[in-house]
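The next block is model.cif, given as mmCIF, C-alpha atoms.
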```
data_model
#
loop_
_atom_site.label_atom_id
_atom_site.label_comp_id
_atom_site.auth_asym_id
_atom_site.auth_seq_id
_atom_site.Cartn_x
_atom_site.Cartn_y
_atom_site.Cartn_z
CA MET A 1 0.00 0.00 0.00
CA ALA A 2 1.48 3.33 -1.05
CA SER A 3 -0.66 5.58 1.11
CA GLU A 4 -3.44 5.42 3.70
CA SER A 5 -6.64 7.45 3.99
CA THR A 6 -6.80 9.90 6.90
CA GLY A 7 -10.57 9.55 7.12
CA THR A 8 -11.00 13.19 6.15
CA GLY A 9 -10.52 12.83 2.41
CA GLU A 10 -6.76 13.12 2.71
CA GLU A 11 -4.10 10.46 2.32
CA THR A 12 -0.80 10.05 4.07
CA ASP A 13 2.34 8.32 2.88
CA ASP A 14 3.68 8.43 6.44
CA PRO A 15 1.13 7.34 9.08
CA ILE A 16 3.77 7.51 11.81
CA GLY A 17 4.51 11.11 10.90
CA TYR A 18 0.76 11.80 10.91
CA PHE A 19 0.44 10.32 14.41
CA LEU A 20 3.44 12.30 15.70
CA GLN A 21 2.01 15.54 14.32
CA ASP A 22 -1.26 14.87 16.13
CA MET A 23 0.75 14.33 19.32
CA VAL A 24 1.91 17.94 18.93
CA TYR A 25 -1.70 19.09 18.73
CA HIS A 26 -2.51 17.04 21.84
CA GLY A 27 0.23 18.79 23.79
CA LYS A 28 2.73 15.94 24.07
CA SER A 29 6.24 17.10 24.89
CA GLU A 30 9.08 16.97 22.39
CA ARG A 31 10.79 14.37 24.55
CA THR A 32 7.72 12.12 24.45
CA ARG A 33 7.31 12.52 20.71
CA THR A 34 10.98 11.69 20.12
CA GLU A 35 10.68 8.50 22.15
CA TYR A 36 7.54 7.43 20.28
CA GLU A 37 9.17 8.15 16.93
CA ARG A 38 12.25 6.09 17.82
CA VAL A 39 10.13 3.07 18.77
CA LEU A 40 7.63 3.34 15.92
CA ARG A 41 10.35 3.78 13.29
CA ARG A 42 12.06 0.69 14.68
CA PHE A 43 8.83 -1.22 14.18
CA GLU A 44 8.46 0.22 10.67
CA SER A 45 11.97 -0.94 9.75
CA PHE A 46 11.18 -4.43 11.03
CA LEU A 47 8.10 -4.61 8.82
CA ALA A 48 10.01 -3.38 5.77
CA ASP A 49 12.65 -6.11 6.06
CA PRO A 50 11.47 -9.35 4.33
CA ASP A 51 14.21 -11.31 6.11
CA ARG A 52 12.87 -10.38 9.53
CA ASN A 53 9.10 -10.10 9.38
CA PRO A 54 6.93 -13.25 9.15
CA ALA A 55 5.29 -12.14 5.87
CA GLY A 56 8.57 -12.57 3.99
CA ARG A 57 7.93 -9.34 2.10
CA SER A 58 7.95 -5.62 2.81
CA VAL A 59 4.88 -4.57 4.82
CA VAL A 60 3.64 -1.08 5.75
CA PRO A 61 2.14 -0.40 9.21
CA ALA A 62 -1.43 -0.14 7.84
CA ASP A 63 -1.22 -3.72 6.54
CA ALA A 64 0.47 -5.29 9.57
CA THR A 65 -1.34 -8.21 11.16
CA HIS A 66 -1.34 -9.19 14.82
CA ARG A 67 1.21 -11.87 13.85
CA ASP A 68 3.56 -9.20 12.44
CA CYS A 69 3.23 -7.18 15.63
CA MET A 70 3.75 -10.19 17.86
CA ALA A 71 6.87 -11.14 15.88
CA TRP A 72 8.28 -7.66 16.42
CA VAL A 73 7.58 -7.83 20.15
CA HIS A 74 9.28 -11.22 20.24
CA SER A 75 12.32 -9.80 18.40
CA LEU A 76 12.78 -7.28 21.21
CA ARG A 77 13.17 -9.91 23.92
CA GLY A 78 16.75 -10.36 24.93
CA THR A 79 17.76 -7.00 23.46
CA VAL A 80 16.03 -4.81 26.06
CA ALA A 81 14.63 -5.35 29.56
CA SER A 82 11.21 -7.00 29.84
CA SER A 83 9.76 -3.78 31.25
CA THR A 84 11.05 -1.95 28.15
CA VAL A 85 9.40 -4.54 25.91
CA ALA A 86 6.13 -3.75 27.67
CA ILE A 87 6.64 -0.01 27.17
CA TYR A 88 7.43 -0.41 23.46
CA ALA A 89 4.36 -2.59 23.01
CA ALA A 90 2.26 0.03 24.79
CA TYR A 91 3.56 2.70 22.40
CA LEU A 92 2.62 0.57 19.39
CA HIS A 93 -0.78 -0.20 20.88
CA ARG A 94 -1.48 3.50 21.39
CA PHE A 95 -0.34 4.27 17.85
CA TYR A 96 -2.67 1.70 16.31
CA GLY A 97 -5.51 2.56 18.68
CA TYR A 98 -5.36 6.24 17.75
CA MET A 99 -4.98 5.66 14.02
CA THR A 100 -7.96 3.31 14.09
CA GLN A 101 -10.02 5.80 16.08
CA VAL A 102 -9.41 8.62 13.59
CA GLY A 103 -10.11 6.37 10.62
CA VAL A 104 -6.64 6.10 9.09
CA PHE A 105 -6.39 2.35 9.82
CA ASP A 106 -9.18 -0.20 9.71
CA SER A 107 -8.26 -2.08 12.88
CA ASN A 108 -5.80 -2.34 15.75
CA PRO A 109 -3.73 -5.55 15.48
CA MET A 110 -2.13 -4.82 18.86
CA THR A 111 -5.38 -5.47 20.76
CA LEU A 112 -4.92 -9.22 20.51
CA VAL A 113 -1.15 -8.98 20.96
CA THR A 114 -1.41 -7.23 24.32
CA GLU A 115 -3.80 -9.92 25.52
CA GLU A 116 -1.33 -12.61 24.51
CA MET A 117 1.81 -11.03 25.89
CA ASP A 118 3.54 -12.51 28.90
CA GLU A 119 4.79 -9.08 29.98
CA SER A 120 2.49 -6.80 31.94
CA ILE A 121 2.02 -3.47 30.17
CA GLU A 122 1.96 -0.77 32.83
CA LYS A 123 1.95 3.01 32.58
CA ASP A 124 4.83 3.07 35.05
CA PRO A 125 7.53 0.43 34.63
CA THR A 126 9.42 -0.96 37.59
CA ARG A 127 11.47 1.98 38.78
CA ARG A 128 14.43 2.69 40.99
CA ASP A 129 13.52 1.97 44.61
CA ILE A 130 14.32 5.03 46.75
CA ASP A 131 13.22 5.19 50.36
CA VAL A 132 12.17 8.38 52.13
CA PRO A 133 15.42 8.91 54.14
CA THR A 134 17.49 8.57 50.95
CA MET A 135 15.24 11.03 49.13
CA ARG A 136 15.52 13.40 52.09
CA ALA A 137 19.31 13.34 51.74
CA PHE A 138 18.94 14.06 48.03
CA VAL A 139 16.73 17.08 48.72
CA ALA A 140 19.29 18.38 51.23
CA ASP A 141 21.85 18.64 48.42
CA VAL A 142 19.54 20.88 46.36
CA ARG A 143 20.55 24.38 47.41
CA HIS A 144 19.15 26.93 44.98
CA PRO A 145 15.75 28.22 46.26
CA LEU A 146 14.13 27.74 42.85
CA HIS A 147 15.45 24.21 42.44
CA HIS A 148 14.59 23.38 46.05
CA ALA A 149 11.01 24.55 45.52
CA LEU A 150 10.68 22.65 42.24
CA VAL A 151 11.81 19.35 43.72
CA GLY A 152 9.74 19.93 46.86
CA THR A 153 6.60 20.66 44.84
CA PHE A 154 7.06 17.49 42.81
CA LEU A 155 7.59 15.34 45.90
CA LYS A 156 4.79 16.87 47.95
CA THR A 157 2.10 17.01 45.25
CA GLY A 158 2.86 14.33 42.66
CA ILE A 159 2.02 16.72 39.81
CA ARG A 160 3.37 16.32 36.31
CA VAL A 161 6.07 18.58 34.94
CA GLY A 162 3.69 20.38 32.58
CA GLU A 163 1.25 20.96 35.43
CA LEU A 164 4.02 22.39 37.57
CA CYS A 165 5.16 24.73 34.81
CA ASN A 166 1.58 25.93 34.28
CA LEU A 167 1.05 26.98 37.92
CA ASP A 168 0.33 30.69 38.34
CA LEU A 169 0.39 32.71 41.55
CA ARG A 170 -3.40 32.66 41.57
CA ASP A 171 -3.23 28.85 41.85
CA VAL A 172 -1.37 28.94 45.18
CA SER A 173 -2.95 29.83 48.52
CA LEU A 174 -0.56 30.33 51.43
CA GLU A 175 -1.40 31.65 54.89
CA ASP A 176 1.53 34.01 55.29
CA SER A 177 1.07 37.74 55.74
CA GLU A 178 4.47 38.60 54.26
CA LEU A 179 3.66 36.70 51.08
CA THR A 180 0.09 37.94 50.74
CA ASN A 181 1.32 41.53 51.15
CA ALA A 182 3.91 41.01 48.40
CA TYR A 183 1.97 38.81 45.96
CA ASP A 184 -1.57 38.36 44.71
CA LEU A 185 -1.87 34.73 45.74
CA GLY A 186 -4.78 32.33 45.64
CA GLY A 187 -7.17 34.23 43.42
CA ARG A 188 -8.95 31.08 42.29
CA PRO A 189 -12.51 30.70 43.66
CA GLN A 190 -11.74 26.98 44.07
CA LEU A 191 -9.28 27.98 46.83
CA ASP A 192 -11.85 29.89 48.87
CA ALA A 193 -11.92 28.46 52.41
CA ARG A 194 -9.02 26.17 51.46
CA PRO A 195 -5.90 27.94 52.75
CA ASN A 196 -2.47 26.44 52.22
CA SER A 197 -3.33 24.59 49.05
CA ILE A 198 -2.56 24.44 45.33
CA PHE A 199 -5.16 24.36 42.58
CA VAL A 200 -4.17 22.23 39.57
CA SER A 201 -6.38 22.93 36.59
CA SER A 202 -7.23 20.46 33.85
CA SER A 203 -7.63 23.31 31.34
CA PRO A 204 -4.20 24.51 30.10
CA THR A 205 -3.41 23.19 26.62
CA VAL A 206 -0.24 23.74 24.63
CA GLY A 207 -0.61 26.50 22.08
CA GLU A 208 -3.76 27.90 23.68
CA ARG A 209 -4.13 31.06 25.76
CA HIS A 210 -4.79 30.50 29.46
CA ASN A 211 -4.93 33.31 31.99
CA GLY A 212 -3.58 35.72 29.38
CA GLU A 213 -0.61 33.62 28.24
CA VAL A 214 -0.16 31.08 25.45
CA ARG A 215 1.04 27.88 27.09
CA SER A 216 3.98 25.69 26.05
CA ALA A 217 2.72 22.63 27.96
CA SER A 218 -0.59 20.90 28.63
CA ASN A 219 -2.08 19.67 31.88
CA LYS A 220 -3.07 16.04 31.58
CA ARG A 221 -5.27 15.49 34.58
CA LYS A 222 -8.86 14.46 34.04
CA ARG A 223 -10.35 16.87 36.57
CA ASP A 224 -9.40 20.02 38.47
CA THR A 225 -7.75 19.16 41.79
CA VAL A 226 -6.94 20.99 45.02
CA ILE A 227 -3.81 19.64 46.75
CA PRO A 228 -2.91 20.55 50.36
CA VAL A 229 0.33 22.42 51.08
CA ASP A 230 2.02 21.28 54.30
CA ASP A 231 4.48 23.27 56.40
CA GLU A 232 7.55 21.97 54.54
CA LEU A 233 6.30 22.88 51.10
CA SER A 234 5.08 26.23 52.39
CA ARG A 235 8.60 26.99 53.64
CA LEU A 236 10.15 25.99 50.31
CA LEU A 237 7.73 28.13 48.33
CA LYS A 238 8.28 31.11 50.64
CA SER A 239 12.06 30.84 50.22
CA TRP A 240 11.59 30.79 46.47
CA LEU A 241 9.12 33.68 46.36
CA ALA A 242 11.53 35.77 48.44
CA ILE A 243 13.95 35.86 45.47
CA ARG A 244 11.56 35.30 42.55
CA PRO A 245 12.18 37.77 39.71
CA ASP A 246 9.25 39.84 38.51
CA SER A 247 7.53 37.98 35.73
CA VAL A 248 7.24 39.26 32.18
CA SER A 249 4.01 37.29 31.76
CA PRO A 250 0.55 38.73 32.48
CA ALA A 251 -0.35 35.36 33.99
CA ASP A 252 2.20 35.75 36.82
CA PRO A 253 3.70 32.22 36.76
CA LEU A 254 4.75 30.68 40.05
CA PHE A 255 8.04 29.39 38.66
CA VAL A 256 10.15 31.62 36.38
CA GLY A 257 13.70 31.59 35.10
CA THR A 258 16.57 33.05 37.14
CA SER A 259 19.29 32.78 34.48
CA GLU A 260 18.34 32.16 30.85
CA GLY A 261 14.80 33.36 30.26
CA TRP A 262 14.95 35.70 33.27
CA GLY A 263 11.41 36.20 34.56
CA GLU A 264 9.87 33.94 31.92
CA ARG A 265 7.76 30.90 32.77
CA LEU A 266 9.87 27.79 33.15
CA THR A 267 9.42 25.18 30.43
CA PRO A 268 9.26 21.40 30.95
CA ASN A 269 12.66 21.04 29.24
CA ALA A 270 14.24 23.55 31.65
CA VAL A 271 12.76 21.74 34.65
CA HIS A 272 13.87 18.37 33.26
CA ASN A 273 17.44 19.67 32.92
CA ILE A 274 17.44 21.00 36.48
CA VAL A 275 16.20 17.72 37.95
CA THR A 276 18.46 15.46 35.90
CA THR A 277 21.51 17.56 36.76
CA TYR A 278 21.00 16.82 40.45
CA ALA A 279 20.03 13.23 39.70
CA SER A 280 23.25 12.75 37.72
CA GLU A 281 25.28 14.03 40.67
CA ALA A 282 23.50 11.51 42.89
CA GLY A 283 24.15 8.66 40.44
CA TRP A 284 20.45 8.44 39.63
CA TYR A 285 20.58 9.49 36.00
CA ARG A 286 22.57 8.22 33.04
CA SER A 287 22.30 9.50 29.49
CA GLY A 288 20.69 6.70 27.51
CA GLY A 289 19.28 5.05 30.63
CA GLY A 290 15.64 4.04 30.71
CA ALA A 291 12.75 4.82 33.03
CA THR A 292 13.65 1.88 35.25
CA GLU A 293 16.99 3.51 36.05
CA ASN A 294 16.74 7.27 35.68
CA VAL A 295 15.24 9.80 38.05
CA THR A 296 13.41 12.49 36.07
CA PRO A 297 10.54 14.82 37.02
CA HIS A 298 8.07 12.00 36.35
CA TYR A 299 9.90 9.78 38.84
CA PHE A 300 8.75 12.07 41.65
CA ARG A 301 5.13 11.37 40.70
CA HIS A 302 5.87 7.66 41.01
CA PHE A 303 7.57 8.26 44.39
CA PHE A 304 4.62 10.32 45.66
CA THR A 305 2.10 7.71 44.53
CA THR A 306 3.96 4.75 45.98
CA HIS A 307 4.85 6.17 49.38
CA LEU A 308 1.60 8.03 50.07
CA ARG A 309 -0.49 5.03 49.00
CA ASP A 310 1.53 2.75 51.28
CA ARG A 311 1.14 5.16 54.20
CA THR A 312 -2.58 5.88 53.79
CA GLY A 313 -3.78 2.55 52.46
CA ASP A 314 -6.32 4.70 50.61
CA ARG A 315 -6.03 4.43 46.85
CA GLY A 316 -8.98 6.76 46.34
CA ILE A 317 -7.29 9.69 48.07
CA VAL A 318 -4.10 9.17 46.07
CA LYS A 319 -6.06 8.95 42.82
CA TYR A 320 -7.84 12.17 43.70
CA LEU A 321 -4.54 13.95 44.36
CA ARG A 322 -3.14 12.64 41.07
CA GLY A 323 -6.26 13.83 39.24
CA ASP A 324 -6.84 10.36 37.82
CA VAL A 325 -10.29 9.42 39.11
CA ALA A 326 -13.75 9.46 37.61
CA THR A 327 -16.29 12.21 38.22
CA ASP A 328 -18.34 10.48 40.91
CA ILE A 329 -15.28 9.63 43.01
CA ILE A 330 -13.56 12.97 42.62
CA ASP A 331 -16.78 14.78 43.56
CA THR A 332 -16.94 12.81 46.81
CA TYR A 333 -13.52 14.13 47.83
CA THR A 334 -14.26 17.62 46.51
CA HIS A 335 -17.34 17.93 48.70
CA ASN A 336 -15.52 16.75 51.81
CA TRP A 337 -12.10 18.13 50.94
CA GLY A 338 -11.12 19.26 54.43
CA GLY A 339 -12.37 16.18 56.23
CA GLN A 340 -11.08 13.57 53.84
CA VAL A 341 -8.33 14.99 51.68
CA ARG A 342 -6.50 17.47 53.92
CA GLU A 343 -6.69 15.40 57.09
CA THR A 344 -5.55 12.23 55.36
CA TYR A 345 -2.80 14.05 53.50
CA GLU A 346 -1.41 15.91 56.52
CA SER A 347 -1.50 12.76 58.65
CA ASN A 348 0.48 10.72 56.16
CA ILE A 349 2.64 12.90 53.95
CA TYR A 350 6.33 12.11 54.38
CA SER A 351 8.98 14.62 55.47
CA ILE A 352 11.57 15.70 52.90
CA LEU A 353 13.49 18.32 54.90
#
```

Can I see the file as structure tokens?
Amino acid sequence: MASESTGTGEETDDPIGYFLQDMVYHGKSERTRTEYERVLRRFESFLADPDRNPAGRSVVPADATHRDCMAWVHSLRGTVASSTVAIYAAYLHRFYGYMTQVGVFDSNPMTLVTEEMDESIEKDPTRRDIDVPTMRAFVADVRHPLHHALVGTFLKTGIRVGELCNLDLRDVSLEDSELTNAYDLGGRPQLDARPNSIFVSSSPTVGERHNGEVRSASNKRKRDTVIPVDDELSRLLKSWLAIRPDSVSPADPLFVGTSEGWGERLTPNAVHNIVTTYASEAGWYRSGGGATENVTPHYFRHFFTTHLRDRTGDRGIVKYLRGDVATDIIDTYTHNWGGQVRETYESNIYSIL
């Protein structure tokens, strides 16, 4: 097949390129898109090689059968870790699922493959096991007030890097007269009667204007969420705000640059570089290493989820804080936020200082 229909009267000679372009529109980061492209092109090369694929002839992704896909998954075993095999299979499954949904492909051959696989496909692969005292020692080595506040916010809230970058001053409520005199904090109505908390919106989308500023990252959570701020995070944020440069943005971002991009909203790439610099110094990051080895901003979300879930024994609360739960469940916690969310959080959140 030379080209595939896009379902809108168009045709594409490069369905992988089509999928990657749509990832841009959906707000996926450049890093994520690069990783998907690497994996999907590897699959494409496998299909094109008659000596490797089971068809014995060159095949394009639109014509691949579940047997072709399963053969590719099998070819990965022994070359990468089993958790990486699962991740690569998940990427391919999402590619086919999306292209089927938008009408470019007729079916998703990976549906049957994922049911047959021995490996468990998880959103989070098995990751580096770091206990709370070890993480506390790591945080102690982070000296710059901005960097300290970034790492602390990740560890105390479990938010994604894009969500962190999209925080504005109006999203943060802190009971501190010095700060409220200096900054217009907590302007969100969702923070009324919820002092010492952070509002994480589900609205910001890359390329769209939000609070007067076009955003360079999207928030991925399913619903708006209010996350408590404990004494430790409050201290970290106050230390940062004491030196925060005036912002050039009308949205008044919480986190802005202090070197390159002075006063401009931090980008996910900038935050990633900050975190991985410290992780490299701790021996927790290696260029070319995978998610099972490297500590990146997303690792802190995994750390938050694992340790808070183990301490509370309440998966519902953790899902609420992550913004992952359905409407009926999230509404239950929203209506009793102080009694269920704040009390549970403050009773169980770990110390990082």

Report the residues retrieved by the PyMOL selection byres ((chain A and resi 16) around 12) from the displayed file, expressed as a ChimeraX atom specification.
/A:3-4,6,12-15,17-23,33-34,36-45,60-62,91-92,94-96,98-99,104-105

Check what the PyMOL selection byres ((chain A and resi 339-349) around 10) selects in the file above and give those residues as a ChimeraX atom specification.
/A:155-157,194,196-197,226-231,304,307-314,316-318,320-321,332-338,350-352

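Picked by the PyMOL selection byres ((chain A and resi 169) around 7) from the coordinates shown: Leu167, Asp168, Arg170, Asp171, Val172, Asp184, Leu185, Gly186, Asp252, Pro253 and Leu254 of chain A.
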
Resulting file, chosen residues, C-alpha atoms, as a PDB file, keeping the file's coordinate frame:
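Written output follows (part.pdb):
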```pdb
ATOM      1  CA  LEU A 167       1.050  26.980  37.920  1.00  0.00           C
ATOM      2  CA  ASP A 168       0.330  30.690  38.340  1.00  0.00           C
ATOM      3  CA  ARG A 170      -3.400  32.660  41.570  1.00  0.00           C
ATOM      4  CA  ASP A 171      -3.230  28.850  41.850  1.00  0.00           C
ATOM      5  CA  VAL A 172      -1.370  28.940  45.180  1.00  0.00           C
ATOM      6  CA  ASP A 184      -1.570  38.360  44.710  1.00  0.00           C
ATOM      7  CA  LEU A 185      -1.870  34.730  45.740  1.00  0.00           C
ATOM      8  CA  GLY A 186      -4.780  32.330  45.640  1.00  0.00           C
ATOM      9  CA  ASP A 252       2.200  35.750  36.820  1.00  0.00           C
ATOM     10  CA  PRO A 253       3.700  32.220  36.760  1.00  0.00           C
ATOM     11  CA  LEU A 254       4.750  30.680  40.050  1.00  0.00           C
TER      12      LEU A 254
END
```

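Among the candidate residues A:Arg244, A:His148, A:Arg286, A:Arg315, the one lying nearest to Val271 (chain A) is A:His148, with distances computed using all atoms listed in the file.
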
So the first atom is CA of Phe138 (chain A) and the second is CA of Ser259 (chain A); what is the distance between them in Å, to one decimal place?
23.1 Å

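Between CA of Leu47 (chain A) and CA of Ala81 (chain A) there is a distance of 21.8 Å.
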
Students should find that CA of Gly261 (chain A) and CA of Ala242 (chain A) are spaced 18.6 Å

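Those residues that approach Trp262 (chain A) to within 10 Å, counting all atoms listed in the file, are Arg244, Pro245, Asp246, Ser247, Val248, Val256, Gly257, Thr258, Ser259, Glu260, Glu264, Arg265 and Leu266 of chain A; same-chain residues fewer than 2 positions away are not listed.
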
Rank A:Pro145, A:Gly290, A:Gly323, A:Gly97 by their smallest atom-to-atom distance to Phe199 (chain A), using all atoms listed in the file, and report the top residue only.
A:Gly323

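For the point (6.0, -9.0, 3.5) in file coordinates, the residues within 12 Å, using all atoms listed in the file, are Met1, Glu44, Ser45, Phe46, Leu47, Ala48, Asp49, Pro50, Asp51, Arg52, Asn53, Pro54, Ala55, Gly56, Arg57, Ser58, Val59, Val60, Pro61, Asp63, Ala64, Thr65, Arg67 and Asp68 of chain A.
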
Write out the residues from the selection above, keeping C-alpha atoms, as a PDB file, in the coordinates of the input.
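Saved to out.pdb:
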```pdb
ATOM      1  CA  MET A   1       0.000   0.000   0.000  1.00  0.00           C
ATOM      2  CA  GLU A  44       8.460   0.220  10.670  1.00  0.00           C
ATOM      3  CA  SER A  45      11.970  -0.940   9.750  1.00  0.00           C
ATOM      4  CA  PHE A  46      11.180  -4.430  11.030  1.00  0.00           C
ATOM      5  CA  LEU A  47       8.100  -4.610   8.820  1.00  0.00           C
ATOM      6  CA  ALA A  48      10.010  -3.380   5.770  1.00  0.00           C
ATOM      7  CA  ASP A  49      12.650  -6.110   6.060  1.00  0.00           C
ATOM      8  CA  PRO A  50      11.470  -9.350   4.330  1.00  0.00           C
ATOM      9  CA  ASP A  51      14.210 -11.310   6.110  1.00  0.00           C
ATOM     10  CA  ARG A  52      12.870 -10.380   9.530  1.00  0.00           C
ATOM     11  CA  ASN A  53       9.100 -10.100   9.380  1.00  0.00           C
ATOM     12  CA  PRO A  54       6.930 -13.250   9.150  1.00  0.00           C
ATOM     13  CA  ALA A  55       5.290 -12.140   5.870  1.00  0.00           C
ATOM     14  CA  GLY A  56       8.570 -12.570   3.990  1.00  0.00           C
ATOM     15  CA  ARG A  57       7.930  -9.340   2.100  1.00  0.00           C
ATOM     16  CA  SER A  58       7.950  -5.620   2.810  1.00  0.00           C
ATOM     17  CA  VAL A  59       4.880  -4.570   4.820  1.00  0.00           C
ATOM     18  CA  VAL A  60       3.640  -1.080   5.750  1.00  0.00           C
ATOM     19  CA  PRO A  61       2.140  -0.400   9.210  1.00  0.00           C
ATOM     20  CA  ASP A  63      -1.220  -3.720   6.540  1.00  0.00           C
ATOM     21  CA  ALA A  64       0.470  -5.290   9.570  1.00  0.00           C
ATOM     22  CA  THR A  65      -1.340  -8.210  11.160  1.00  0.00           C
ATOM     23  CA  ARG A  67       1.210 -11.870  13.850  1.00  0.00           C
ATOM     24  CA  ASP A  68       3.560  -9.200  12.440  1.00  0.00           C
TER      25      ASP A  68
END
```

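In terms of minimum interatomic distance to Arg223 (chain A), A:Val200 ranks closest within A:Leu353, A:Val200, A:Leu236, A:Ile274, counting all atoms listed in the file.
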
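When only C-alpha atoms are used to measure the gap to His272 (chain A), the shortest distance among A:Val113, A:Leu150, A:Met70, A:Val24 belongs to A:Leu150.
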